[in-house]
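Asker: This one is structure-v3.cif, mmCIF, C-alpha atoms; chains and numbers go by the auth columns.
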```
data_entry
loop_
_atom_site.group_PDB
_atom_site.id
_atom_site.type_symbol
_atom_site.label_atom_id
_atom_site.label_comp_id
_atom_site.label_asym_id
_atom_site.label_seq_id
_atom_site.Cartn_x
_atom_site.Cartn_y
_atom_site.Cartn_z
_atom_site.B_iso_or_equiv
_atom_site.auth_seq_id
_atom_site.auth_asym_id
ATOM 1 C CA MET A 1 82.411 90.646 192.209 0.00 1 S
ATOM 2 C CA ASN A 2 85.309 92.390 190.614 0.00 2 S
ATOM 3 C CA ILE A 3 85.272 96.194 190.303 0.00 3 S
ATOM 4 C CA SER A 4 87.425 97.540 187.535 0.00 4 S
ATOM 5 C CA PRO A 5 90.007 100.215 188.374 0.00 5 S
ATOM 6 C CA GLN A 6 88.435 102.504 185.785 0.00 6 S
ATOM 7 C CA PHE A 7 85.020 102.307 187.506 0.00 7 S
ATOM 8 C CA SER A 8 86.653 103.022 190.872 0.00 8 S
ATOM 9 C CA ALA A 9 88.339 106.125 189.473 0.00 9 S
ATOM 10 C CA ILE A 10 85.069 107.379 187.961 0.00 10 S
ATOM 11 C CA ALA A 11 83.177 106.738 191.205 0.00 11 S
ATOM 12 C CA ALA A 12 85.849 108.512 193.230 0.00 12 S
ATOM 13 C CA SER A 13 85.739 111.454 190.808 0.00 13 S
ATOM 14 C CA TRP A 14 81.951 111.708 191.200 0.00 14 S
ATOM 15 C CA VAL A 15 82.201 111.616 194.991 0.00 15 S
ATOM 16 C CA LEU A 16 84.889 114.299 194.989 0.00 16 S
ATOM 17 C CA CYS A 17 82.853 116.409 192.576 0.00 17 S
ATOM 18 C CA ILE A 18 79.769 116.203 194.813 0.00 18 S
ATOM 19 C CA LEU A 19 81.824 117.027 197.921 0.00 19 S
ATOM 20 C CA SER A 20 83.361 119.974 196.085 0.00 20 S
ATOM 21 C CA ALA A 21 79.894 121.238 195.089 0.00 21 S
ATOM 22 C CA ILE A 22 78.697 120.987 198.690 0.00 22 S
ATOM 23 C CA ALA A 23 81.786 122.889 199.844 0.00 23 S
ATOM 24 C CA VAL A 24 81.133 125.650 197.278 0.00 24 S
ATOM 25 C CA VAL A 25 77.530 126.021 198.444 0.00 25 S
ATOM 26 C CA THR A 26 78.604 126.110 202.104 0.00 26 S
ATOM 27 C CA VAL A 27 81.341 128.676 201.528 0.00 27 S
ATOM 28 C CA SER A 28 79.028 130.848 199.404 0.00 28 S
ATOM 29 C CA PHE A 29 76.404 130.810 202.159 0.00 29 S
ATOM 30 C CA GLU A 30 78.966 131.736 204.817 0.00 30 S
ATOM 31 C CA CYS A 31 80.319 134.499 202.555 0.00 31 S
ATOM 32 C CA ARG A 32 76.825 135.988 202.230 0.00 32 S
ATOM 33 C CA ILE A 33 76.331 135.903 205.992 0.00 33 S
ATOM 34 C CA LEU A 34 79.702 137.574 206.601 0.00 34 S
ATOM 35 C CA SER A 35 79.023 140.200 203.929 0.00 35 S
ATOM 36 C CA ASP A 36 75.710 141.027 205.604 0.00 36 S
ATOM 37 C CA GLN A 37 77.421 141.308 208.991 0.00 37 S
ATOM 38 C CA LEU A 38 80.083 143.572 207.468 0.00 38 S
ATOM 39 C CA MET A 39 77.437 145.906 206.040 0.00 39 S
ATOM 40 C CA GLN A 40 75.676 146.039 209.415 0.00 40 S
ATOM 41 C CA LEU A 41 78.956 146.852 211.164 0.00 41 S
ATOM 42 C CA LYS A 42 79.786 149.585 208.640 0.00 42 S
ATOM 43 C CA THR A 43 76.346 151.123 209.187 0.00 43 S
ATOM 44 C CA ARG A 44 76.872 150.994 212.953 0.00 44 S
ATOM 45 C CA GLN A 45 80.324 152.563 212.544 0.00 45 S
ATOM 46 C CA GLN A 46 78.820 155.467 210.609 0.00 46 S
ATOM 47 C CA GLN A 47 76.145 155.934 213.290 0.00 47 S
ATOM 48 C CA LEU A 48 78.806 155.965 215.999 0.00 48 S
ATOM 49 C CA GLN A 49 80.911 158.488 214.073 0.00 49 S
ATOM 50 C CA VAL A 50 77.914 160.812 213.770 0.00 50 S
ATOM 51 C CA GLU A 51 77.181 160.401 217.481 0.00 51 S
ATOM 52 C CA TRP A 52 80.853 161.061 218.337 0.00 52 S
ATOM 53 C CA GLY A 53 80.799 164.295 216.353 0.00 53 S
ATOM 54 C CA ARG A 54 77.614 165.382 218.100 0.00 54 S
ATOM 55 C CA LEU A 55 79.155 164.604 221.494 0.00 55 S
ATOM 56 C CA LEU A 56 82.261 166.633 220.655 0.00 56 S
ATOM 57 C CA LEU A 57 80.083 169.612 219.768 0.00 57 S
ATOM 58 C CA GLU A 58 78.125 169.178 222.980 0.00 58 S
ATOM 59 C CA GLU A 59 81.333 168.967 225.002 0.00 59 S
ATOM 60 C CA SER A 60 82.678 172.172 223.477 0.00 60 S
ATOM 61 C CA ALA A 61 79.377 173.919 224.225 0.00 61 S
ATOM 62 C CA PHE A 62 79.455 172.793 227.862 0.00 62 S
ATOM 63 C CA ALA A 63 83.081 173.868 228.267 0.00 63 S
ATOM 64 C CA GLU A 64 82.500 177.346 226.819 0.00 64 S
ATOM 65 C CA HIS A 65 83.984 180.033 229.076 0.00 65 S
ATOM 66 C CA SER A 66 80.893 182.245 229.207 0.00 66 S
ATOM 67 C CA ARG A 67 78.694 179.300 230.205 0.00 67 S
ATOM 68 C CA LEU A 68 81.059 178.323 233.010 0.00 68 S
ATOM 69 C CA GLU A 69 81.202 181.920 234.202 0.00 69 S
ATOM 70 C CA ASP A 70 77.387 182.162 234.234 0.00 70 S
ATOM 71 C CA ILE A 71 77.141 178.963 236.294 0.00 71 S
ATOM 72 C CA ALA A 72 79.835 180.172 238.720 0.00 72 S
ATOM 73 C CA VAL A 73 77.960 183.432 239.285 0.00 73 S
ATOM 74 C CA ALA A 74 74.436 181.993 239.436 0.00 74 S
ATOM 75 C CA GLN A 75 74.954 178.789 241.404 0.00 75 S
ATOM 76 C CA LEU A 76 78.087 179.452 243.446 0.00 76 S
ATOM 77 C CA GLY A 77 77.824 183.194 243.984 0.00 77 S
ATOM 78 C CA MET A 78 81.319 183.733 242.626 0.00 78 S
ATOM 79 C CA ARG A 79 82.512 187.071 241.250 0.00 79 S
ATOM 80 C CA ARG A 80 85.637 188.559 239.748 0.00 80 S
ATOM 81 C CA PRO A 81 87.938 190.093 242.354 0.00 81 S
ATOM 82 C CA SER A 82 88.519 193.809 242.197 0.00 82 S
ATOM 83 C CA PRO A 83 92.081 194.943 241.370 0.00 83 S
ATOM 84 C CA GLY A 84 92.663 195.813 245.054 0.00 84 S
ATOM 85 C CA GLU A 85 91.806 192.234 246.120 0.00 85 S
ATOM 86 C CA VAL A 86 94.357 190.600 243.813 0.00 86 S
ATOM 87 C CA ARG A 87 97.629 189.555 245.448 0.00 87 S
ATOM 88 C CA VAL A 88 100.560 188.254 243.436 0.00 88 S
ATOM 89 C CA VAL A 89 102.460 185.478 245.181 0.00 89 S
ATOM 90 C CA GLY A 90 105.876 184.476 244.011 0.00 90 S
ATOM 91 C CA PRO A 91 109.613 185.048 244.339 0.00 91 S
#
```
Before anything else, please render the file you have as structure tokens.
Answerer:
Amino acid sequence: MNISPQFSAIAASWVLCILSAIAVVTVSFECRILSDQLMQLKTRQQQLQVEWGRLLLEESAFAEHSRLEDIAVAQLGMRRPSPGEVRVVGP
């Protein structure tokens, strides 16, 4: 059985064409999966940015001077010293 060179070239072209089509389908599927993951990550990033902003506001509220002073007075019994109780130390 003798196979002509022309038939071999056509058969090889068909095989390469089918392999190329399979590769296109595979890459397209992977691209869709990665695009979906990217959208999920962007959504998560936005959620984290909102949470970060909320935490910064909360931190500034907790660090407010009047709040700290109220806690010092109420829980620790602290008070401001009178001018006669203040001593300056230094050279």
Asker: Please, what is the axis-aligned box for every listed atom of stretch 2-19 of chain S with 3 Å on each side, as centre and edge lengths in Å to one decimal, as JSON?
Answerer:
```
{"center_x": 84.9, "center_y": 104.7, "center_z": 191.9, "size_x": 16.2, "size_y": 30.6, "size_z": 18.1}
```
Asker: What is the distance between atom CA of S:Arg32 and atom CA of S:Ser13, in Å to one decimal?
Answerer: 28.5 Å
Asker: Between atom CA of S:Arg79 and atom CA of S:Leu56, what is the distance in Å, rounded to a tenth?
Answerer: 29.0 Å
Asker: Mind pulling up the distance from atom CA of S:Gly77 to atom CA of S:Ser60?
Answerer: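 Computing the Euclidean distance for atom CA of S:Ser60 and atom CA of S:Gly77 yields 23.8 Å.
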Asker: From the structure block, carefully write stretch 25-59 of chain S out with N, CA and C atoms; format it as a PDB file, in the first residue's frame.
Answerer:
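Ended up saving to selection-v1.pdb:
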```pdb
ATOM      1  N   VAL S  25     -10.473  26.020  21.766  1.00  0.00           N
ATOM      2  CA  VAL S  25     -11.557  25.776  22.718  1.00  0.00           C
ATOM      3  C   VAL S  25     -11.014  25.749  24.147  1.00  0.00           C
ATOM      4  N   THR S  26      -9.888  25.084  24.349  1.00  0.00           N
ATOM      5  CA  THR S  26      -9.290  24.985  25.683  1.00  0.00           C
ATOM      6  C   THR S  26      -8.867  26.354  26.197  1.00  0.00           C
ATOM      7  N   VAL S  27      -8.206  27.129  25.374  1.00  0.00           N
ATOM      8  CA  VAL S  27      -7.745  28.451  25.785  1.00  0.00           C
ATOM      9  C   VAL S  27      -8.936  29.374  26.045  1.00  0.00           C
ATOM     10  N   SER S  28      -9.972  29.294  25.234  1.00  0.00           N
ATOM     11  CA  SER S  28     -11.165  30.117  25.450  1.00  0.00           C
ATOM     12  C   SER S  28     -11.821  29.777  26.782  1.00  0.00           C
ATOM     13  N   PHE S  29     -11.897  28.492  27.097  1.00  0.00           N
ATOM     14  CA  PHE S  29     -12.491  28.064  28.366  1.00  0.00           C
ATOM     15  C   PHE S  29     -11.667  28.584  29.544  1.00  0.00           C
ATOM     16  N   GLU S  30     -10.357  28.441  29.463  1.00  0.00           N
ATOM     17  CA  GLU S  30      -9.485  28.929  30.535  1.00  0.00           C
ATOM     18  C   GLU S  30      -9.584  30.453  30.670  1.00  0.00           C
ATOM     19  N   CYS S  31      -9.710  31.151  29.549  1.00  0.00           N
ATOM     20  CA  CYS S  31      -9.843  32.606  29.571  1.00  0.00           C
ATOM     21  C   CYS S  31     -11.127  33.008  30.288  1.00  0.00           C
ATOM     22  N   ARG S  32     -12.214  32.297  30.043  1.00  0.00           N
ATOM     23  CA  ARG S  32     -13.477  32.588  30.724  1.00  0.00           C
ATOM     24  C   ARG S  32     -13.353  32.358  32.227  1.00  0.00           C
ATOM     25  N   ILE S  33     -12.707  31.279  32.603  1.00  0.00           N
ATOM     26  CA  ILE S  33     -12.523  30.988  34.031  1.00  0.00           C
ATOM     27  C   ILE S  33     -11.698  32.095  34.678  1.00  0.00           C
ATOM     28  N   LEU S  34     -10.603  32.483  34.048  1.00  0.00           N
ATOM     29  CA  LEU S  34      -9.742  33.530  34.605  1.00  0.00           C
ATOM     30  C   LEU S  34     -10.451  34.880  34.651  1.00  0.00           C
ATOM     31  N   SER S  35     -11.263  35.179  33.644  1.00  0.00           N
ATOM     32  CA  SER S  35     -12.025  36.426  33.659  1.00  0.00           C
ATOM     33  C   SER S  35     -13.008  36.442  34.820  1.00  0.00           C
ATOM     34  N   ASP S  36     -13.664  35.316  35.063  1.00  0.00           N
ATOM     35  CA  ASP S  36     -14.591  35.213  36.191  1.00  0.00           C
ATOM     36  C   ASP S  36     -13.856  35.400  37.514  1.00  0.00           C
ATOM     37  N   GLN S  37     -12.701  34.777  37.645  1.00  0.00           N
ATOM     38  CA  GLN S  37     -11.907  34.933  38.872  1.00  0.00           C
ATOM     39  C   GLN S  37     -11.473  36.389  39.051  1.00  0.00           C
ATOM     40  N   LEU S  38     -11.100  37.046  37.969  1.00  0.00           N
ATOM     41  CA  LEU S  38     -10.693  38.449  38.035  1.00  0.00           C
ATOM     42  C   LEU S  38     -11.843  39.322  38.523  1.00  0.00           C
ATOM     43  N   MET S  39     -13.032  39.097  38.016  1.00  0.00           N
ATOM     44  CA  MET S  39     -14.199  39.874  38.446  1.00  0.00           C
ATOM     45  C   MET S  39     -14.494  39.633  39.923  1.00  0.00           C
ATOM     46  N   GLN S  40     -14.366  38.392  40.372  1.00  0.00           N
ATOM     47  CA  GLN S  40     -14.576  38.090  41.791  1.00  0.00           C
ATOM     48  C   GLN S  40     -13.540  38.799  42.654  1.00  0.00           C
ATOM     49  N   LEU S  41     -12.287  38.805  42.218  1.00  0.00           N
ATOM     50  CA  LEU S  41     -11.230  39.467  42.972  1.00  0.00           C
ATOM     51  C   LEU S  41     -11.424  40.986  42.999  1.00  0.00           C
ATOM     52  N   LYS S  42     -11.887  41.566  41.897  1.00  0.00           N
ATOM     53  CA  LYS S  42     -12.142  43.003  41.881  1.00  0.00           C
ATOM     54  C   LYS S  42     -13.286  43.357  42.832  1.00  0.00           C
ATOM     55  N   THR S  43     -14.311  42.517  42.863  1.00  0.00           N
ATOM     56  CA  THR S  43     -15.423  42.740  43.794  1.00  0.00           C
ATOM     57  C   THR S  43     -14.928  42.645  45.228  1.00  0.00           C
ATOM     58  N   ARG S  44     -14.102  41.669  45.514  1.00  0.00           N
ATOM     59  CA  ARG S  44     -13.547  41.507  46.867  1.00  0.00           C
ATOM     60  C   ARG S  44     -12.660  42.706  47.228  1.00  0.00           C
ATOM     61  N   GLN S  45     -11.891  43.198  46.255  1.00  0.00           N
ATOM     62  CA  GLN S  45     -11.037  44.355  46.501  1.00  0.00           C
ATOM     63  C   GLN S  45     -11.878  45.571  46.877  1.00  0.00           C
ATOM     64  N   GLN S  46     -12.982  45.776  46.172  1.00  0.00           N
ATOM     65  CA  GLN S  46     -13.862  46.897  46.493  1.00  0.00           C
ATOM     66  C   GLN S  46     -14.463  46.743  47.890  1.00  0.00           C
ATOM     67  N   GLN S  47     -14.852  45.518  48.249  1.00  0.00           N
ATOM     68  CA  GLN S  47     -15.396  45.278  49.589  1.00  0.00           C
ATOM     69  C   GLN S  47     -14.343  45.583  50.653  1.00  0.00           C
ATOM     70  N   LEU S  48     -13.112  45.158  50.401  1.00  0.00           N
ATOM     71  CA  LEU S  48     -12.043  45.406  51.369  1.00  0.00           C
ATOM     72  C   LEU S  48     -11.718  46.895  51.476  1.00  0.00           C
ATOM     73  N   GLN S  49     -11.793  47.625  50.370  1.00  0.00           N
ATOM     74  CA  GLN S  49     -11.544  49.062  50.423  1.00  0.00           C
ATOM     75  C   GLN S  49     -12.617  49.772  51.246  1.00  0.00           C
ATOM     76  N   VAL S  50     -13.864  49.349  51.085  1.00  0.00           N
ATOM     77  CA  VAL S  50     -14.950  49.939  51.874  1.00  0.00           C
ATOM     78  C   VAL S  50     -14.741  49.630  53.356  1.00  0.00           C
ATOM     79  N   GLU S  51     -14.384  48.381  53.646  1.00  0.00           N
ATOM     80  CA  GLU S  51     -14.141  47.987  55.037  1.00  0.00           C
ATOM     81  C   GLU S  51     -12.953  48.762  55.626  1.00  0.00           C
ATOM     82  N   TRP S  52     -11.910  48.960  54.833  1.00  0.00           N
ATOM     83  CA  TRP S  52     -10.731  49.706  55.294  1.00  0.00           C
ATOM     84  C   TRP S  52     -11.120  51.143  55.642  1.00  0.00           C
ATOM     85  N   GLY S  53     -11.911  51.772  54.801  1.00  0.00           N
ATOM     86  CA  GLY S  53     -12.368  53.123  55.088  1.00  0.00           C
ATOM     87  C   GLY S  53     -13.190  53.193  56.366  1.00  0.00           C
ATOM     88  N   ARG S  54     -14.061  52.209  56.555  1.00  0.00           N
ATOM     89  CA  ARG S  54     -14.864  52.154  57.774  1.00  0.00           C
ATOM     90  C   ARG S  54     -13.981  51.967  59.003  1.00  0.00           C
ATOM     91  N   LEU S  55     -12.961  51.133  58.889  1.00  0.00           N
ATOM     92  CA  LEU S  55     -12.044  50.910  60.010  1.00  0.00           C
ATOM     93  C   LEU S  55     -11.230  52.160  60.328  1.00  0.00           C
ATOM     94  N   LEU S  56     -10.844  52.910  59.311  1.00  0.00           N
ATOM     95  CA  LEU S  56     -10.124  54.161  59.559  1.00  0.00           C
ATOM     96  C   LEU S  56     -10.998  55.159  60.303  1.00  0.00           C
ATOM     97  N   LEU S  57     -12.268  55.243  59.919  1.00  0.00           N
ATOM     98  CA  LEU S  57     -13.187  56.127  60.633  1.00  0.00           C
ATOM     99  C   LEU S  57     -13.369  55.680  62.074  1.00  0.00           C
ATOM    100  N   GLU S  58     -13.488  54.389  62.267  1.00  0.00           N
ATOM    101  CA  GLU S  58     -13.646  53.843  63.618  1.00  0.00           C
ATOM    102  C   GLU S  58     -12.406  54.125  64.462  1.00  0.00           C
ATOM    103  N   GLU S  59     -11.239  53.964  63.857  1.00  0.00           N
ATOM    104  CA  GLU S  59      -9.992  54.228  64.577  1.00  0.00           C
ATOM    105  C   GLU S  59      -9.906  55.695  65.007  1.00  0.00           C
TER     106      GLU S  59
END
```
